[in-house]
Amino acid sequence: FTVEGRIDNIQANVSLSAFQAASLDVANVSTTALSPSVSTPTTSTGDVTRALESKWKFDSDYTDSVGNYDATNNGTSLVSGGYINGAAQFNGSSYIDAGDHSTIDSAPWTVSVRAYLTTTTSGTAEIQSIATKNLDNSDRGFWLVEWDGKYVVRVGSNSVTVTGPTPTLNTWQTLVVTYDGNTFELWVDGTSYGTNTESTIGGQSYPIRFGSESG
């Protein structure tokens, strides 16, 4: 299952001291920084890279501007008008593969994305995958998707879930998932939509993908 819409400024972070909410297809210059020690994100300007392991901007290529996990394009297009400069455009069958990012095979980690969805699904038969690291529900690291009209995140192989809000279509939204080895949390546009617990995670041998699952 793949996504229709755009992705921009995706970031992976294994430090919980601070993180920047990345983009899944956005333009402009402001980004969002969030400290887990406070409940409300604060706004910062510029290209925040502190404590990041990886960052994919999708401005003019698919390289990792911070780390060593350059991504491989599979049918997406780079377009202007992202949340920050350019973005990757998905068509419902395209995806981006960032390889087996081993630094988030163990906690703590944070993944942040800016997403611009143009449609939502209805019912449980279809899923729009935004960012995933898993084979399927039997071997999962994390799974951030739009499913039956809601943002949904699962961590680990036991289908433990946090369900977020209905996506605002044709609008850039910031999605952040944090995991400390036991508790994971979903944030959308600076609002927490709850936590759940999972101590066993899989997906260690599978790539991070944006716009598609591995399996």
# chains A, B, ... in the order shown; residues from 1 in each chain; ligands from 1
call {"tool": "residues_around", "arguments": {"residues": "Arg209 of chain A", "least_positions_apart": "6", "cutoff": "10 Å", "atoms": "only C-alpha atoms", "output": "list in words"}}
result
Ala71, Thr72, Tyr95, Ile96, Asp97, Ala98, Gly99, Asp100, Ser129, Ile130, Ala131, Thr132, Lys133, Asn134 and Trp143 of chain A
call {"tool": "closest_atom_pairs", "arguments": {"of": "segment 62-120 of chain A", "to": "segment 158-171 of chain A", "cutoff": "6 Å", "atoms": "only C-alpha atoms", "output": "Markdown table"}}
result
| residue | atom | partner | partner_atom | distance |
| --- | --- | --- | --- | --- |
| A:Tyr116 | CA | A:Thr171 | CA | 5.4 |
| A:Leu117 | CA | A:Leu169 | CA | 5.3 |
| A:Thr118 | CA | A:Leu169 | CA | 5.3 |
call {"tool": "write_last_selection", "arguments": {"atoms": "C-alpha atoms", "output": "compact mmCIF listing (two decimals), in the first residue's frame"}}
result
# COMPACT_ATOMS: atom_id res chain seq x y z
CA TYR A 116 0.61 16.54 2.60
CA LEU A 117 -2.11 14.02 1.82
CA THR A 118 -4.50 14.47 -1.07
call {"tool": "atom_distance", "arguments": {"atom1": "atom CA of Trp187 of chain A", "atom2": "atom CA of Tyr151 of chain A"}}
result
10.0 Å
call {"tool": "residues_around", "arguments": {"residues": "Gly67 of chain A", "least_positions_apart": "6", "cutoff": "8 Å", "atoms": "only C-alpha atoms", "output": "compact mmCIF listing (two decimals) with C-alpha atoms, in the first residue's frame"}}
result
# COMPACT_ATOMS: atom_id res chain seq x y z
CA GLU A 53 21.07 10.85 12.86
CA SER A 54 19.55 11.43 9.42
CA LYS A 55 17.61 14.04 7.49
call {"tool": "residues_around", "arguments": {"residues": "Glu198 of chain A", "least_positions_apart": "6", "cutoff": "12 Å", "atoms": "only C-alpha atoms", "output": "PDB file with N, CA and C atoms, in the first residue's frame"}}
result
ATOM      1  N   ALA A 107      16.006   1.521  20.974  1.00  0.00           N
ATOM      2  CA  ALA A 107      15.560   2.813  21.495  1.00  0.00           C
ATOM      3  C   ALA A 107      16.696   3.499  22.255  1.00  0.00           C
ATOM      4  N   ARG A 140       7.957  -6.091  12.907  1.00  0.00           N
ATOM      5  CA  ARG A 140       7.762  -4.650  12.727  1.00  0.00           C
ATOM      6  C   ARG A 140       8.651  -3.856  13.670  1.00  0.00           C
ATOM      7  N   GLY A 141       9.291  -2.827  13.101  1.00  0.00           N
ATOM      8  CA  GLY A 141       9.937  -1.820  13.923  1.00  0.00           C
ATOM      9  C   GLY A 141       8.940  -0.729  14.239  1.00  0.00           C
ATOM     10  N   PHE A 142       8.556   0.042  13.211  1.00  0.00           N
ATOM     11  CA  PHE A 142       7.495   1.025  13.381  1.00  0.00           C
ATOM     12  C   PHE A 142       6.714   1.145  12.075  1.00  0.00           C
ATOM     13  N   ARG A 154       2.039   2.241  14.814  1.00  0.00           N
ATOM     14  CA  ARG A 154       2.273   1.023  15.579  1.00  0.00           C
ATOM     15  C   ARG A 154       3.776   0.825  15.736  1.00  0.00           C
ATOM     16  N   VAL A 155       4.178   0.386  16.910  1.00  0.00           N
ATOM     17  CA  VAL A 155       5.572   0.063  17.184  1.00  0.00           C
ATOM     18  C   VAL A 155       5.629  -1.378  17.676  1.00  0.00           C
ATOM     19  N   GLY A 156       6.555  -2.177  17.123  1.00  0.00           N
ATOM     20  CA  GLY A 156       6.665  -3.570  17.518  1.00  0.00           C
ATOM     21  C   GLY A 156       5.719  -4.479  16.767  1.00  0.00           C
ATOM     22  N   SER A 157       5.826  -5.755  17.051  1.00  0.00           N
ATOM     23  CA  SER A 157       5.152  -6.789  16.265  1.00  0.00           C
ATOM     24  C   SER A 157       3.830  -7.258  16.853  1.00  0.00           C
ATOM     25  N   ASN A 158       3.326  -6.583  17.872  1.00  0.00           N
ATOM     26  CA  ASN A 158       2.099  -7.034  18.532  1.00  0.00           C
ATOM     27  C   ASN A 158       0.891  -6.160  18.211  1.00  0.00           C
ATOM     28  N   SER A 159       1.005  -5.339  17.165  1.00  0.00           N
ATOM     29  CA  SER A 159      -0.108  -4.491  16.711  1.00  0.00           C
ATOM     30  C   SER A 159      -0.599  -3.533  17.781  1.00  0.00           C
ATOM     31  N   VAL A 160       0.307  -3.122  18.673  1.00  0.00           N
ATOM     32  CA  VAL A 160      -0.028  -2.096  19.657  1.00  0.00           C
ATOM     33  C   VAL A 160      -0.097  -0.751  18.941  1.00  0.00           C
ATOM     34  N   THR A 161      -1.161   0.014  19.181  1.00  0.00           N
ATOM     35  CA  THR A 161      -1.516   1.140  18.315  1.00  0.00           C
ATOM     36  C   THR A 161      -1.769   2.419  19.088  1.00  0.00           C
ATOM     37  N   VAL A 162      -1.413   3.550  18.481  1.00  0.00           N
ATOM     38  CA  VAL A 162      -1.931   4.869  18.862  1.00  0.00           C
ATOM     39  C   VAL A 162      -2.598   5.451  17.624  1.00  0.00           C
ATOM     40  N   TYR A 179       9.894   7.078  20.770  1.00  0.00           N
ATOM     41  CA  TYR A 179       9.908   5.761  21.420  1.00  0.00           C
ATOM     42  C   TYR A 179      11.112   5.692  22.355  1.00  0.00           C
ATOM     43  N   ASP A 180      10.881   5.308  23.616  1.00  0.00           N
ATOM     44  CA  ASP A 180      11.955   5.268  24.602  1.00  0.00           C
ATOM     45  C   ASP A 180      12.363   3.858  25.004  1.00  0.00           C
ATOM     46  N   GLY A 181      11.875   2.868  24.268  1.00  0.00           N
ATOM     47  CA  GLY A 181      12.158   1.476  24.594  1.00  0.00           C
ATOM     48  C   GLY A 181      10.999   0.787  25.273  1.00  0.00           C
ATOM     49  N   ASN A 182      10.032   1.557  25.723  1.00  0.00           N
ATOM     50  CA  ASN A 182       8.835   0.999  26.338  1.00  0.00           C
ATOM     51  C   ASN A 182       7.579   1.742  25.893  1.00  0.00           C
ATOM     52  N   THR A 183       7.632   3.074  25.886  1.00  0.00           N
ATOM     53  CA  THR A 183       6.468   3.888  25.564  1.00  0.00           C
ATOM     54  C   THR A 183       6.682   4.626  24.248  1.00  0.00           C
ATOM     55  N   PHE A 184       5.681   4.589  23.376  1.00  0.00           N
ATOM     56  CA  PHE A 184       5.736   5.391  22.157  1.00  0.00           C
ATOM     57  C   PHE A 184       4.560   6.353  22.135  1.00  0.00           C
ATOM     58  N   GLU A 185       4.759   7.460  21.428  1.00  0.00           N
ATOM     59  CA  GLU A 185       3.783   8.556  21.434  1.00  0.00           C
ATOM     60  C   GLU A 185       3.667   9.132  20.032  1.00  0.00           C
TER      61      GLU A 185
END
call {"tool": "closest_residue", "arguments": {"among": "A:Lys150, A:Ala88, A:Ser102, A:Leu144", "to": "Thr121 of chain A", "atoms": "only C-alpha atoms"}}
result
A:Lys150
call {"tool": "select_by_dssp", "arguments": {"residues": "segment 99-174 of chain A", "states": "strand (DSSP E)", "output": "NGL selection string"}}
result
:A and (109-117 or 127-134 or 140-147 or 150-155 or 161-163 or 173-174)
call {"tool": "atom_distance", "arguments": {"atom1": "atom CA of Ser94 of chain A", "atom2": "atom CA of Tyr62 of chain A"}}
result
13.8 Å
call {"tool": "atom_distance", "arguments": {"atom1": "atom CA of Ile201 of chain A", "atom2": "atom CA of Val145 of chain A"}}
result
17.4 Å
call {"tool": "residues_around", "arguments": {"residues": "segment 76-81 of chain A", "least_positions_apart": "2", "cutoff": "8 Å", "atoms": "only C-alpha atoms", "output": "short mmCIF file (atom, residue, chain, number, x, y, z; two decimals) with all heavy atoms, in the first residue's frame"}}
result
data_model
loop_
_atom_site.label_atom_id
_atom_site.label_comp_id
_atom_site.auth_asym_id
_atom_site.auth_seq_id
_atom_site.Cartn_x
_atom_site.Cartn_y
_atom_site.Cartn_z
N ASP A 25 6.36 16.79 2.73
CA ASP A 25 6.16 17.53 1.49
C ASP A 25 5.69 18.92 1.83
O ASP A 25 4.51 19.17 1.93
CB ASP A 25 5.18 16.85 0.54
CG ASP A 25 5.10 17.61 -0.77
OD1 ASP A 25 5.99 18.41 -1.05
OD2 ASP A 25 4.16 17.40 -1.52
N VAL A 26 6.64 19.79 2.04
CA VAL A 26 6.32 21.12 2.52
C VAL A 26 7.33 22.14 2.04
O VAL A 26 8.41 21.80 1.67
CB VAL A 26 6.32 21.12 4.05
CG1 VAL A 26 5.77 22.39 4.63
CG2 VAL A 26 5.55 19.94 4.56
N ALA A 27 6.98 23.44 2.09
CA ALA A 27 7.92 24.51 1.77
C ALA A 27 7.93 25.54 2.87
O ALA A 27 7.22 25.43 3.83
CB ALA A 27 7.53 25.16 0.45
N ASN A 28 8.70 26.57 2.70
CA ASN A 28 8.87 27.67 3.65
C ASN A 28 10.02 27.38 4.61
O ASN A 28 10.70 26.39 4.49
CB ASN A 28 7.59 28.01 4.41
CG ASN A 28 6.52 28.48 3.48
OD1 ASN A 28 6.80 29.02 2.43
ND2 ASN A 28 5.27 28.25 3.84
N PHE A 58 14.74 16.25 0.38
CA PHE A 58 14.05 16.12 -0.91
C PHE A 58 13.94 17.45 -1.64
O PHE A 58 12.95 17.72 -2.31
CB PHE A 58 12.66 15.49 -0.74
CG PHE A 58 12.68 14.16 -0.04
CD1 PHE A 58 11.73 13.85 0.92
CD2 PHE A 58 13.65 13.22 -0.33
CE1 PHE A 58 11.74 12.62 1.57
CE2 PHE A 58 13.68 11.99 0.32
CZ PHE A 58 12.72 11.69 1.28
N ASP A 59 14.96 18.29 -1.50
CA ASP A 59 14.97 19.57 -2.21
C ASP A 59 15.39 19.38 -3.66
O ASP A 59 14.70 19.83 -4.58
CB ASP A 59 15.91 20.55 -1.53
CG ASP A 59 15.37 21.05 -0.20
OD1 ASP A 59 14.16 20.89 0.05
OD2 ASP A 59 16.16 21.58 0.60
N SER A 60 16.54 18.72 -3.87
CA SER A 60 17.03 18.49 -5.23
C SER A 60 17.50 17.07 -5.45
O SER A 60 17.86 16.70 -6.57
CB SER A 60 18.18 19.45 -5.54
OG SER A 60 19.24 19.27 -4.62
N ASP A 61 17.51 16.25 -4.38
CA ASP A 61 17.93 14.86 -4.51
C ASP A 61 17.40 14.08 -3.31
O ASP A 61 16.60 14.59 -2.52
CB ASP A 61 19.47 14.76 -4.61
CG ASP A 61 20.17 15.43 -3.44
OD1 ASP A 61 19.64 15.41 -2.31
OD2 ASP A 61 21.27 15.99 -3.66
N ASN A 73 15.24 6.42 -4.94
CA ASN A 73 13.92 6.78 -5.45
C ASN A 73 13.32 5.65 -6.28
O ASN A 73 13.99 5.02 -7.09
CB ASN A 73 14.02 8.03 -6.32
CG ASN A 73 12.69 8.42 -6.94
OD1 ASN A 73 11.65 8.30 -6.31
ND2 ASN A 73 12.73 8.88 -8.17
N ASN A 74 12.04 5.38 -6.07
CA ASN A 74 11.30 4.40 -6.85
C ASN A 74 10.00 5.03 -7.35
O ASN A 74 8.91 4.75 -6.84
CB ASN A 74 11.00 3.15 -6.01
CG ASN A 74 12.25 2.39 -5.64
OD1 ASN A 74 12.69 1.50 -6.37
ND2 ASN A 74 12.84 2.72 -4.49
N TYR A 83 7.10 21.91 2.35
CA TYR A 83 6.99 22.67 3.60
C TYR A 83 8.26 23.49 3.82
O TYR A 83 8.22 24.61 4.31
CB TYR A 83 6.76 21.73 4.78
CG TYR A 83 6.48 22.46 6.06
CD1 TYR A 83 5.20 22.88 6.37
CD2 TYR A 83 7.50 22.73 6.96
CE1 TYR A 83 4.94 23.56 7.54
CE2 TYR A 83 7.25 23.41 8.13
CZ TYR A 83 5.97 23.83 8.43
OH TYR A 83 5.72 24.50 9.59
N ILE A 84 9.40 22.89 3.48
CA ILE A 84 10.67 23.60 3.47
C ILE A 84 11.29 23.37 2.11
O ILE A 84 11.75 22.27 1.81
CB ILE A 84 11.60 23.09 4.59
CG1 ILE A 84 10.94 23.24 5.95
CG2 ILE A 84 12.93 23.84 4.55
CD1 ILE A 84 11.74 22.64 7.08
N ASN A 85 11.26 24.37 1.27
CA ASN A 85 11.80 24.28 -0.10
C ASN A 85 11.07 23.20 -0.89
O ASN A 85 9.86 23.25 -1.01
CB ASN A 85 13.31 24.07 -0.07
CG ASN A 85 14.03 25.23 0.59
OD1 ASN A 85 13.66 26.38 0.38
ND2 ASN A 85 15.04 24.94 1.38
N GLY A 86 11.79 22.18 -1.42
CA GLY A 86 11.16 21.17 -2.26
C GLY A 86 10.58 20.02 -1.46
O GLY A 86 10.62 19.99 -0.23
N ALA A 87 10.04 19.04 -2.19
CA ALA A 87 9.42 17.87 -1.56
C ALA A 87 9.38 16.72 -2.55
O ALA A 87 9.59 16.91 -3.75
CB ALA A 87 8.01 18.22 -1.10
N ALA A 88 9.10 15.54 -2.05
CA ALA A 88 8.91 14.36 -2.89
C ALA A 88 7.42 14.14 -3.11
O ALA A 88 6.63 14.15 -2.17
CB ALA A 88 9.53 13.13 -2.24
N GLN A 89 7.04 13.96 -4.37
CA GLN A 89 5.65 13.77 -4.75
C GLN A 89 5.40 12.29 -5.01
O GLN A 89 6.10 11.65 -5.79
CB GLN A 89 5.34 14.57 -6.02
CG GLN A 89 3.93 14.38 -6.56
CD GLN A 89 2.91 15.20 -5.81
OE1 GLN A 89 3.09 16.40 -5.62
NE2 GLN A 89 1.83 14.58 -5.38
N PHE A 90 4.36 11.74 -4.34
CA PHE A 90 4.01 10.33 -4.48
C PHE A 90 2.73 10.19 -5.29
O PHE A 90 1.84 11.04 -5.20
CB PHE A 90 3.82 9.70 -3.09
CG PHE A 90 5.07 9.68 -2.27
CD1 PHE A 90 5.51 10.84 -1.64
CD2 PHE A 90 5.80 8.53 -2.12
CE1 PHE A 90 6.67 10.83 -0.88
CE2 PHE A 90 6.96 8.51 -1.37
CZ PHE A 90 7.41 9.67 -0.75
N ASN A 91 2.61 9.10 -6.04
CA ASN A 91 1.48 8.96 -6.94
C ASN A 91 0.58 7.77 -6.62
O ASN A 91 -0.31 7.43 -7.40
CB ASN A 91 1.97 8.84 -8.39
CG ASN A 91 2.85 7.64 -8.62
OD1 ASN A 91 2.91 6.71 -7.80
ND2 ASN A 91 3.57 7.62 -9.74
N SER A 94 4.45 4.86 -6.01
CA SER A 94 5.86 5.19 -5.85
C SER A 94 6.26 5.14 -4.37
O SER A 94 5.42 5.23 -3.48
CB SER A 94 6.15 6.56 -6.44
OG SER A 94 5.30 7.54 -5.87
N TYR A 95 7.58 5.03 -4.12
CA TYR A 95 8.08 5.05 -2.75
C TYR A 95 9.56 5.39 -2.75
O TYR A 95 10.22 5.40 -3.79
CB TYR A 95 7.84 3.71 -2.05
CG TYR A 95 8.59 2.54 -2.64
CD1 TYR A 95 9.85 2.17 -2.14
CD2 TYR A 95 8.07 1.80 -3.70
CE1 TYR A 95 10.54 1.09 -2.68
CE2 TYR A 95 8.75 0.73 -4.24
CZ TYR A 95 9.99 0.37 -3.73
OH TYR A 95 10.67 -0.69 -4.27
N ILE A 96 10.09 5.66 -1.55
CA ILE A 96 11.51 5.97 -1.34
C ILE A 96 12.06 4.98 -0.32
O ILE A 96 11.44 4.77 0.73
CB ILE A 96 11.68 7.42 -0.86
CG1 ILE A 96 11.22 8.40 -1.94
CG2 ILE A 96 13.13 7.69 -0.48
CD1 ILE A 96 11.10 9.83 -1.45
#
